[in-house]
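Data from data.pdb: PDB, C-alpha atoms, pLDDT in the B column
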ATOM      1  CA  MET A  16      24.935   2.341  -3.362  1.00 81.00           C
ATOM      2  CA  ASN A  17      24.031   5.790  -2.024  1.00 87.00           C
ATOM      3  CA  GLY A  18      21.653   6.898   0.737  1.00 85.00           C
ATOM      4  CA  SER A  19      18.701   7.310  -1.633  1.00 88.00           C
ATOM      5  CA  GLU A  20      19.152   3.781  -2.972  1.00 90.00           C
ATOM      6  CA  ILE A  21      19.387   2.421   0.573  1.00 92.00           C
ATOM      7  CA  TYR A  22      16.169   4.261   1.471  1.00 91.00           C
ATOM      8  CA  HIS A  23      14.283   2.681  -1.426  1.00 91.00           C
ATOM      9  CA  ARG A  24      15.729  -0.750  -0.646  1.00 92.00           C
ATOM     10  CA  LEU A  25      14.547  -0.417   2.953  1.00 92.00           C
ATOM     11  CA  ILE A  26      11.080   0.636   1.768  1.00 90.00           C
ATOM     12  CA  GLY A  27      10.990  -2.490  -0.390  1.00 88.00           C
ATOM     13  CA  LEU A  28      12.031  -4.718   2.518  1.00 89.00           C
ATOM     14  CA  ILE A  29       9.298  -3.262   4.740  1.00 87.00           C
ATOM     15  CA  GLU A  30       6.751  -3.607   1.942  1.00 82.00           C
ATOM     16  CA  GLU A  31       7.727  -7.241   1.385  1.00 80.00           C
ATOM     17  CA  ARG A  32       7.676  -7.805   5.168  1.00 80.00           C
ATOM     18  CA  ASP A  33      11.321  -8.835   5.343  1.00 88.00           C
ATOM     19  CA  LEU A  34      11.463  -5.988   7.857  1.00 89.00           C
ATOM     20  CA  LYS A  35       8.431  -5.661  10.126  1.00 86.00           C
ATOM     21  CA  PRO A  36       7.023  -3.110  12.577  1.00 86.00           C
ATOM     22  CA  GLY A  37       8.953  -3.458  15.826  1.00 87.00           C
ATOM     23  CA  ASP A  38      12.176  -4.612  14.130  1.00 91.00           C
ATOM     24  CA  ARG A  39      15.379  -2.814  15.055  1.00 92.00           C
ATOM     25  CA  LEU A  40      17.364  -1.057  12.349  1.00 92.00           C
ATOM     26  CA  ARG A  41      21.028  -1.467  13.302  1.00 92.00           C
ATOM     27  CA  GLU A  42      23.467   0.419  11.117  1.00 90.00           C
ATOM     28  CA  ALA A  43      26.124  -2.301  11.354  1.00 90.00           C
ATOM     29  CA  ASP A  44      23.708  -5.100  10.429  1.00 90.00           C
ATOM     30  CA  LEU A  45      22.301  -3.156   7.472  1.00 91.00           C
ATOM     31  CA  ALA A  46      25.783  -2.216   6.258  1.00 90.00           C
ATOM     32  CA  ASP A  47      26.704  -5.921   6.228  1.00 90.00           C
ATOM     33  CA  ARG A  48      23.434  -6.840   4.540  1.00 91.00           C
ATOM     34  CA  PHE A  49      23.852  -4.344   1.700  1.00 91.00           C
ATOM     35  CA  GLY A  50      27.632  -4.549   1.494  1.00 90.00           C
ATOM     36  CA  VAL A  51      28.194  -0.829   1.993  1.00 92.00           C
ATOM     37  CA  SER A  52      29.702   1.496   4.596  1.00 90.00           C
ATOM     38  CA  ARG A  53      27.629   2.971   7.397  1.00 89.00           C
ATOM     39  CA  THR A  54      27.453   6.398   5.734  1.00 91.00           C
ATOM     40  CA  PRO A  55      24.782   5.574   3.099  1.00 91.00           C
ATOM     41  CA  ILE A  56      22.962   3.452   5.691  1.00 92.00           C
ATOM     42  CA  ARG A  57      22.846   6.456   8.025  1.00 91.00           C
ATOM     43  CA  GLU A  58      21.565   8.670   5.190  1.00 93.00           C
ATOM     44  CA  GLY A  59      18.896   6.135   4.236  1.00 92.00           C
ATOM     45  CA  LEU A  60      17.747   5.795   7.846  1.00 92.00           C
ATOM     46  CA  LYS A  61      17.505   9.569   8.250  1.00 92.00           C
ATOM     47  CA  ARG A  62      15.232   9.749   5.226  1.00 91.00           C
ATOM     48  CA  LEU A  63      13.209   6.823   6.555  1.00 90.00           C
ATOM     49  CA  GLU A  64      12.859   8.647   9.870  1.00 90.00           C
ATOM     50  CA  ALA A  65      11.769  11.864   8.108  1.00 89.00           C
ATOM     51  CA  GLN A  66       8.943   9.905   6.476  1.00 86.00           C
ATOM     52  CA  GLY A  67       7.837   8.484   9.831  1.00 86.00           C
ATOM     53  CA  LEU A  68       8.960   4.983   8.897  1.00 88.00           C
ATOM     54  CA  ALA A  69      11.618   4.782  11.592  1.00 90.00           C
ATOM     55  CA  VAL A  70      11.700   6.146  15.138  1.00 90.00           C
ATOM     56  CA  HIS A  71      14.175   6.236  18.020  1.00 87.00           C
ATOM     57  CA  GLU A  72      13.113   4.240  21.068  1.00 86.00           C
ATOM     58  CA  PRO A  73      14.862   4.368  24.457  1.00 86.00           C
ATOM     59  CA  ASN A  74      17.309   1.502  24.938  1.00 82.00           C
ATOM     60  CA  ARG A  75      16.490   0.085  21.478  1.00 84.00           C
ATOM     61  CA  GLY A  76      17.731   2.682  19.025  1.00 86.00           C
ATOM     62  CA  MET A  77      16.136   3.006  15.599  1.00 89.00           C
ATOM     63  CA  VAL A  78      13.092   0.769  15.041  1.00 93.00           C
ATOM     64  CA  ILE A  79      10.237   0.442  12.586  1.00 92.00           C
ATOM     65  CA  PRO A  80       7.171   1.874  14.382  1.00 89.00           C
ATOM     66  CA  THR A  81       3.821   0.160  14.842  1.00 84.00           C
ATOM     67  CA  LEU A  82       0.653   2.173  14.209  1.00 84.00           C
ATOM     68  CA  ASP A  83      -1.825   2.317  17.087  1.00 83.00           C
ATOM     69  CA  HIS A  84      -5.601   1.840  16.769  1.00 85.00           C
ATOM     70  CA  GLY A  85      -6.270   5.545  16.218  1.00 88.00           C
ATOM     71  CA  GLN A  86      -3.600   5.896  13.552  1.00 87.00           C
ATOM     72  CA  VAL A  87      -4.962   2.877  11.691  1.00 88.00           C
ATOM     73  CA  ALA A  88      -8.433   4.466  11.670  1.00 91.00           C
ATOM     74  CA  GLU A  89      -7.006   7.745  10.370  1.00 92.00           C
ATOM     75  CA  VAL A  90      -5.147   5.998   7.545  1.00 91.00           C
ATOM     76  CA  TYR A  91      -8.222   4.073   6.406  1.00 93.00           C
ATOM     77  CA  PHE A  92     -10.393   7.196   6.582  1.00 95.00           C
ATOM     78  CA  MET A  93      -7.996   8.981   4.244  1.00 95.00           C
ATOM     79  CA  ARG A  94      -7.829   5.932   1.975  1.00 94.00           C
ATOM     80  CA  GLU A  95     -11.604   6.034   1.583  1.00 96.00           C
ATOM     81  CA  VAL A  96     -11.523   9.709   0.670  1.00 96.00           C
ATOM     82  CA  LEU A  97      -8.535   9.574  -1.665  1.00 97.00           C
ATOM     83  CA  GLU A  98      -9.105   6.245  -3.405  1.00 97.00           C
ATOM     84  CA  GLY A  99     -12.838   6.887  -3.736  1.00 97.00           C
ATOM     85  CA  THR A 100     -11.987  10.162  -5.441  1.00 98.00           C
ATOM     86  CA  ALA A 101      -9.406   8.421  -7.633  1.00 98.00           C
ATOM     87  CA  ALA A 102     -11.935   5.817  -8.781  1.00 98.00           C
ATOM     88  CA  GLY A 103     -14.498   8.519  -9.515  1.00 98.00           C
ATOM     89  CA  LEU A 104     -11.991  10.439 -11.612  1.00 98.00           C
ATOM     90  CA  ALA A 105     -10.883   7.250 -13.363  1.00 98.00           C
ATOM     91  CA  ALA A 106     -14.482   6.716 -14.514  1.00 98.00           C
ATOM     92  CA  LYS A 107     -14.204  10.078 -16.261  1.00 97.00           C
ATOM     93  CA  HIS A 108     -10.626  10.050 -17.512  1.00 97.00           C
ATOM     94  CA  ALA A 109      -9.275   6.481 -17.791  1.00 98.00           C
ATOM     95  CA  SER A 110      -8.282   5.408 -21.294  1.00 97.00           C
ATOM     96  CA  ARG A 111      -9.463   2.144 -22.790  1.00 97.00           C
ATOM     97  CA  PRO A 112      -6.006   0.509 -22.333  1.00 98.00           C
ATOM     98  CA  GLU A 113      -5.954   1.574 -18.660  1.00 98.00           C
ATOM     99  CA  ILE A 114      -9.385   0.033 -18.101  1.00 98.00           C
ATOM    100  CA  GLU A 115      -8.335  -3.150 -19.865  1.00 98.00           C
ATOM    101  CA  ILE A 116      -5.259  -3.461 -17.627  1.00 97.00           C
ATOM    102  CA  LEU A 117      -7.474  -3.196 -14.545  1.00 98.00           C
ATOM    103  CA  GLN A 118      -9.851  -5.787 -16.003  1.00 98.00           C
ATOM    104  CA  ASP A 119      -6.931  -8.113 -16.760  1.00 97.00           C
ATOM    105  CA  LEU A 120      -5.691  -7.791 -13.183  1.00 97.00           C
ATOM    106  CA  VAL A 121      -9.118  -8.764 -11.829  1.00 97.00           C
ATOM    107  CA  THR A 122      -9.309 -11.752 -14.190  1.00 97.00           C
ATOM    108  CA  ALA A 123      -5.845 -12.951 -13.154  1.00 96.00           C
ATOM    109  CA  ASP A 124      -6.540 -12.380  -9.457  1.00 94.00           C
ATOM    110  CA  ARG A 125      -9.596 -14.632  -9.580  1.00 94.00           C
ATOM    111  CA  GLN A 126      -7.193 -17.446 -10.468  1.00 93.00           C
ATOM    112  CA  ARG A 127      -4.669 -16.636  -7.752  1.00 90.00           C
ATOM    113  CA  VAL A 128      -6.834 -16.210  -4.641  1.00 88.00           C
ATOM    114  CA  GLN A 129      -5.113 -19.208  -3.050  1.00 88.00           C
ATOM    115  CA  ASP A 130      -1.654 -17.789  -3.772  1.00 87.00           C
ATOM    116  CA  GLN A 131      -1.442 -15.159  -1.040  1.00 85.00           C
ATOM    117  CA  ASP A 132       1.990 -13.714  -1.860  1.00 86.00           C
ATOM    118  CA  SER A 133       1.132 -13.321  -5.533  1.00 90.00           C
ATOM    119  CA  LEU A 134      -2.235 -11.785  -4.692  1.00 89.00           C
ATOM    120  CA  VAL A 135      -0.654  -9.285  -2.289  1.00 88.00           C
ATOM    121  CA  ARG A 136       1.726  -8.094  -5.012  1.00 89.00           C
ATOM    122  CA  SER A 137      -1.084  -7.914  -7.554  1.00 93.00           C
ATOM    123  CA  ASN A 138      -3.262  -6.036  -5.087  1.00 92.00           C
ATOM    124  CA  ARG A 139      -0.615  -3.320  -4.771  1.00 90.00           C
ATOM    125  CA  GLU A 140      -0.399  -3.128  -8.557  1.00 94.00           C
ATOM    126  CA  PHE A 141      -4.184  -2.848  -8.879  1.00 96.00           C
ATOM    127  CA  HIS A 142      -4.362   0.086  -6.485  1.00 95.00           C
ATOM    128  CA  ARG A 143      -1.390   1.764  -8.161  1.00 95.00           C
ATOM    129  CA  ARG A 144      -3.009   1.418 -11.588  1.00 96.00           C
ATOM    130  CA  LEU A 145      -6.342   2.631 -10.246  1.00 97.00           C
ATOM    131  CA  CYS A 146      -4.746   5.787  -8.876  1.00 96.00           C
ATOM    132  CA  LEU A 147      -2.818   6.478 -12.076  1.00 97.00           C
ATOM    133  CA  ALA A 148      -6.056   6.136 -14.053  1.00 97.00           C
ATOM    134  CA  SER A 149      -7.402   9.179 -12.196  1.00 97.00           C
ATOM    135  CA  HIS A 150      -5.041  11.349 -14.265  1.00 97.00           C
ATOM    136  CA  ASN A 151      -4.517  13.686 -11.315  1.00 97.00           C
ATOM    137  CA  ARG A 152      -0.866  13.917 -10.324  1.00 95.00           C
ATOM    138  CA  TYR A 153      -1.546  15.667  -7.019  1.00 96.00           C
ATOM    139  CA  LEU A 154      -3.968  12.973  -5.945  1.00 96.00           C
ATOM    140  CA  VAL A 155      -1.492  10.279  -6.956  1.00 94.00           C
ATOM    141  CA  ASP A 156       1.224  11.983  -4.886  1.00 92.00           C
ATOM    142  CA  GLN A 157      -1.037  12.064  -1.818  1.00 92.00           C
ATOM    143  CA  ILE A 158      -1.947   8.395  -2.205  1.00 92.00           C
ATOM    144  CA  ASP A 159       1.716   7.460  -2.674  1.00 88.00           C
ATOM    145  CA  HIS A 160       2.546   9.255   0.570  1.00 84.00           C
ATOM    146  CA  LEU A 161      -0.294   7.489   2.371  1.00 87.00           C
ATOM    147  CA  ARG A 162       0.996   4.149   1.075  1.00 84.00           C
ATOM    148  CA  LEU A 163       4.092   4.665   3.213  1.00 81.00           C
ATOM    149  CA  SER A 164       1.890   4.560   6.311  1.00 83.00           C
ATOM    150  CA  LEU A 165       0.121   1.428   5.103  1.00 82.00           C
ATOM    151  CA  ILE A 166       3.344  -0.566   5.027  1.00 81.00           C
ATOM    152  CA  LEU A 167       3.749   0.027   8.769  1.00 83.00           C
ATOM    153  CA  MET A 168       0.750  -2.179   9.504  1.00 79.00           C
ATOM    154  CA  ALA A 169       1.666  -5.694  10.486  1.00 65.00           C
ATOM    155  CA  GLY A 170       0.659  -8.151   7.795  1.00 68.00           C
ATOM    156  CA  THR A 171      -2.085  -7.482   5.278  1.00 79.00           C
ATOM    157  CA  THR A 172      -5.852  -7.871   5.241  1.00 81.00           C
ATOM    158  CA  LEU A 173      -5.253 -10.580   2.629  1.00 78.00           C
ATOM    159  CA  ASP A 174      -3.801 -12.725   5.413  1.00 76.00           C
ATOM    160  CA  THR A 175      -7.467 -13.502   6.124  1.00 78.00           C
ATOM    161  CA  PRO A 176      -8.421 -16.228   3.579  1.00 78.00           C
ATOM    162  CA  GLU A 177     -12.091 -15.259   3.255  1.00 82.00           C
ATOM    163  CA  ARG A 178     -11.082 -11.658   2.556  1.00 88.00           C
ATOM    164  CA  ARG A 179      -9.109 -12.547  -0.576  1.00 89.00           C
ATOM    165  CA  GLU A 180     -11.970 -13.600  -2.844  1.00 91.00           C
ATOM    166  CA  THR A 181     -14.205 -10.828  -1.510  1.00 93.00           C
ATOM    167  CA  ALA A 182     -11.519  -8.205  -2.163  1.00 94.00           C
ATOM    168  CA  VAL A 183     -11.077  -9.363  -5.761  1.00 95.00           C
ATOM    169  CA  GLU A 184     -14.810  -9.115  -6.419  1.00 96.00           C
ATOM    170  CA  GLU A 185     -14.830  -5.645  -4.874  1.00 97.00           C
ATOM    171  CA  HIS A 186     -12.064  -4.722  -7.304  1.00 97.00           C
ATOM    172  CA  ALA A 187     -14.262  -6.068 -10.099  1.00 98.00           C
ATOM    173  CA  ALA A 188     -17.152  -3.823  -9.018  1.00 98.00           C
ATOM    174  CA  ILE A 189     -14.868  -0.779  -9.071  1.00 98.00           C
ATOM    175  CA  VAL A 190     -13.598  -1.608 -12.553  1.00 98.00           C
ATOM    176  CA  ASP A 191     -17.109  -2.289 -13.873  1.00 98.00           C
ATOM    177  CA  ALA A 192     -18.204   1.160 -12.707  1.00 98.00           C
ATOM    178  CA  ILE A 193     -15.134   2.778 -14.268  1.00 98.00           C
ATOM    179  CA  ALA A 194     -15.697   0.932 -17.561  1.00 98.00           C
ATOM    180  CA  ALA A 195     -19.310   2.137 -17.561  1.00 98.00           C
ATOM    181  CA  GLY A 196     -18.154   5.708 -16.989  1.00 97.00           C
ATOM    182  CA  ASN A 197     -20.196   5.867 -13.786  1.00 98.00           C
ATOM    183  CA  SER A 198     -18.180   8.178 -11.553  1.00 98.00           C
ATOM    184  CA  GLU A 199     -20.560   8.048  -8.592  1.00 98.00           C
ATOM    185  CA  ALA A 200     -20.728   4.250  -8.594  1.00 98.00           C
ATOM    186  CA  ALA A 201     -16.935   3.951  -8.930  1.00 98.00           C
ATOM    187  CA  ASP A 202     -16.389   6.304  -5.990  1.00 98.00           C
ATOM    188  CA  LYS A 203     -18.918   4.390  -3.873  1.00 98.00           C
ATOM    189  CA  ALA A 204     -17.475   0.974  -4.784  1.00 98.00           C
ATOM    190  CA  ALA A 205     -13.934   2.080  -3.928  1.00 98.00           C
ATOM    191  CA  ARG A 206     -14.994   3.567  -0.589  1.00 97.00           C
ATOM    192  CA  LEU A 207     -16.892   0.380   0.277  1.00 97.00           C
ATOM    193  CA  HIS A 208     -13.841  -1.693  -0.608  1.00 96.00           C
ATOM    194  CA  ILE A 209     -11.630   0.330   1.726  1.00 96.00           C
ATOM    195  CA  ALA A 210     -14.262   0.260   4.494  1.00 95.00           C
ATOM    196  CA  HIS A 211     -14.388  -3.545   4.313  1.00 93.00           C
ATOM    197  CA  ALA A 212     -10.584  -3.702   4.401  1.00 92.00           C
ATOM    198  CA  HIS A 213     -10.620  -1.472   7.481  1.00 91.00           C
ATOM    199  CA  LYS A 214     -13.082  -3.794   9.220  1.00 90.00           C
ATOM    200  CA  THR A 215     -10.887  -6.797   8.434  1.00 88.00           C
ATOM    201  CA  ARG A 216      -7.840  -4.947   9.733  1.00 86.00           C
ATOM    202  CA  LEU A 217      -9.588  -4.160  13.031  1.00 84.00           C
ATOM    203  CA  GLN A 218     -10.564  -7.815  13.394  1.00 81.00           C
ATOM    204  CA  GLN A 219      -6.908  -8.770  12.941  1.00 77.00           C
ATOM    205  CA  ILE A 220      -5.593  -6.359  15.567  1.00 72.00           C
TER     206      ILE A 220
END

Using structure tokens, write down the structure that the file contains.
Amino acid sequence: MNGSEIYHRLIGLIEERDLKPGDRLREADLADRFGVSRTPIREGLKRLEAQGLAVHEPNRGMVIPTLDHGQVAEVYFMREVLEGTAAGLAAKHASRPEIEILQDLVTADRQRVQDQDSLVRSNREFHRRLCLASHNRYLVDQIDHLRLSLILMAGTTLDTPERRETAVEEHAAIVDAIAAGNSEAADKAARLHIAHAHKTRLQQI
């Protein structure tokens, strides 16, 4: 397992919340966990640090950082801009199969609102599919980069039970607008969805 593979494994662990903001990243512990030498661990951590997903703290060493209130606001502002734009473009460019996949995700999510872990995974897939449906590779790259900041937030807005059903119905509104080819409505629905998620996040902090 090389440094790049270690980097992606660490991203996955942070995304799945096996590693959380504030956790220490000890080379020895990670080497034991992955069954490799410290060299690929060191390479993976350097890449994680370059992406802002690990920082050095005095007397603690390498840790996963926690975003402050201002950083959270900045991330959600950019999500509104980027994902609103993605939804608007999807209304113009998404293929019928892409729209049907989004519709299927909404249908399935309505049945899994009580299954938080499953819904969290599906939520990530929905947003990934939505971005891909924009058919703009540069926009997708920017959103992918922003996603790295999102995983630094403790927990998820779907930790709030009443947010789960509301979020799914907001997804449905976005998809309905895309299916209707209404770019303006899709953009507006996506921005509203992110704004509501931001409000929930602030209530959790």

### Message
One decimal, in Å: what's the spacing between atom CA of Ile166 of chain A and atom CA of Lys203 of chain A?
### Response
24.5 Å

### Task
Pull out every residue that the PyMOL selection byres ((chain A and resi 36-44) around 7) matches in the shown coordinates and put them as a PyMOL selection string.
chain A and resi 34-35+45-48+53+56-57+77-81+167+169

### Message
Taking 2 positions as the minimum chain separation for residues in the same chain, which residues sit within 9 Å of Leu25 of chain A when counting all atoms listed in the file? Answer as an NGL selection string.
### Response
:A and (20-23 or 27-30 or 34 or 59-60 or 63)

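Once the PyMOL selection byres ((chain A and resi 86-101) around 8) is applied to the shown structure, the selection contains Leu82, Asp83, His84, Gly85, Ala102, Gly103, Leu104, Ala105, Leu145, Cys146, Ala148, Ser149, Leu154, Gln157, Ile158, Leu161, Ser164, Leu165, Met168, Ala201, Asp202, Lys203, Ala204, Ala205, Arg206, Leu207, Ile209, Ala210 and His213 of chain A.
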
### Query
Which residues, written as a list in words, have at least one atom at most 7 Å from segment 120-136 of chain A, with all atoms listed in the file counted and residues fewer than 5 positions away on the same chain left out?
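So, after excluding close chain neighbours, the residues are Phe141, Leu173, Arg179, Glu180, Val183, His186 and Ala187 of chain A.
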
### Task
For Ala106 of chain A, please output as number ranges by chain all residues within 10 Å (counting only C-alpha atoms; exclusion window: fewer than 6 positions along the same chain).
A: 114, 148-149, 189-202

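Here atom CA of Arg216 of chain A and atom CA of Thr172 of chain A stand 5.7 Å from one another.
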
With 3 Å on each side, where is the centre of the axis-aligned box around all listed atoms of segment 23-31 of chain A, and how long are its edges in Å to one decimal, as AutoDock Vina command-line options?
--center_x 11.2 --center_y -2.3 --center_z 1.7 --size_x 15.0 --size_y 15.9 --size_z 12.2

### Query
In Å to one decimal, how far is atom CA of Val51 of chain A from atom CA of Met16 of chain A?
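Computing it gives 7.0 Å between the two atoms.
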
### Query
So, counting all atoms listed in the file, which residue among A:Arg178, A:Pro73, A:Pro55, A:Thr171 is closest to Glu31 of chain A?
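Among A:Arg178, A:Pro73, A:Pro55, A:Thr171, it is A:Thr171 that comes nearest to Glu31 of chain A.
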
### Query
Of the candidates A:Gln219, A:Asn138, A:Asn74, A:Ser110, which one gets nearest to Glu185 of chain A if we count only C-alpha atoms?
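The shortest atom-to-atom distance to Glu185 of chain A comes from A:Asn138.
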
### Query
Which is closer to Asp156 of chain A than all the others in A:Ser52, A:Arg143, A:Ala109, A:Pro176, using only C-alpha atoms?
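Among the listed residues, the smallest separation from Asp156 of chain A belongs to A:Arg143.
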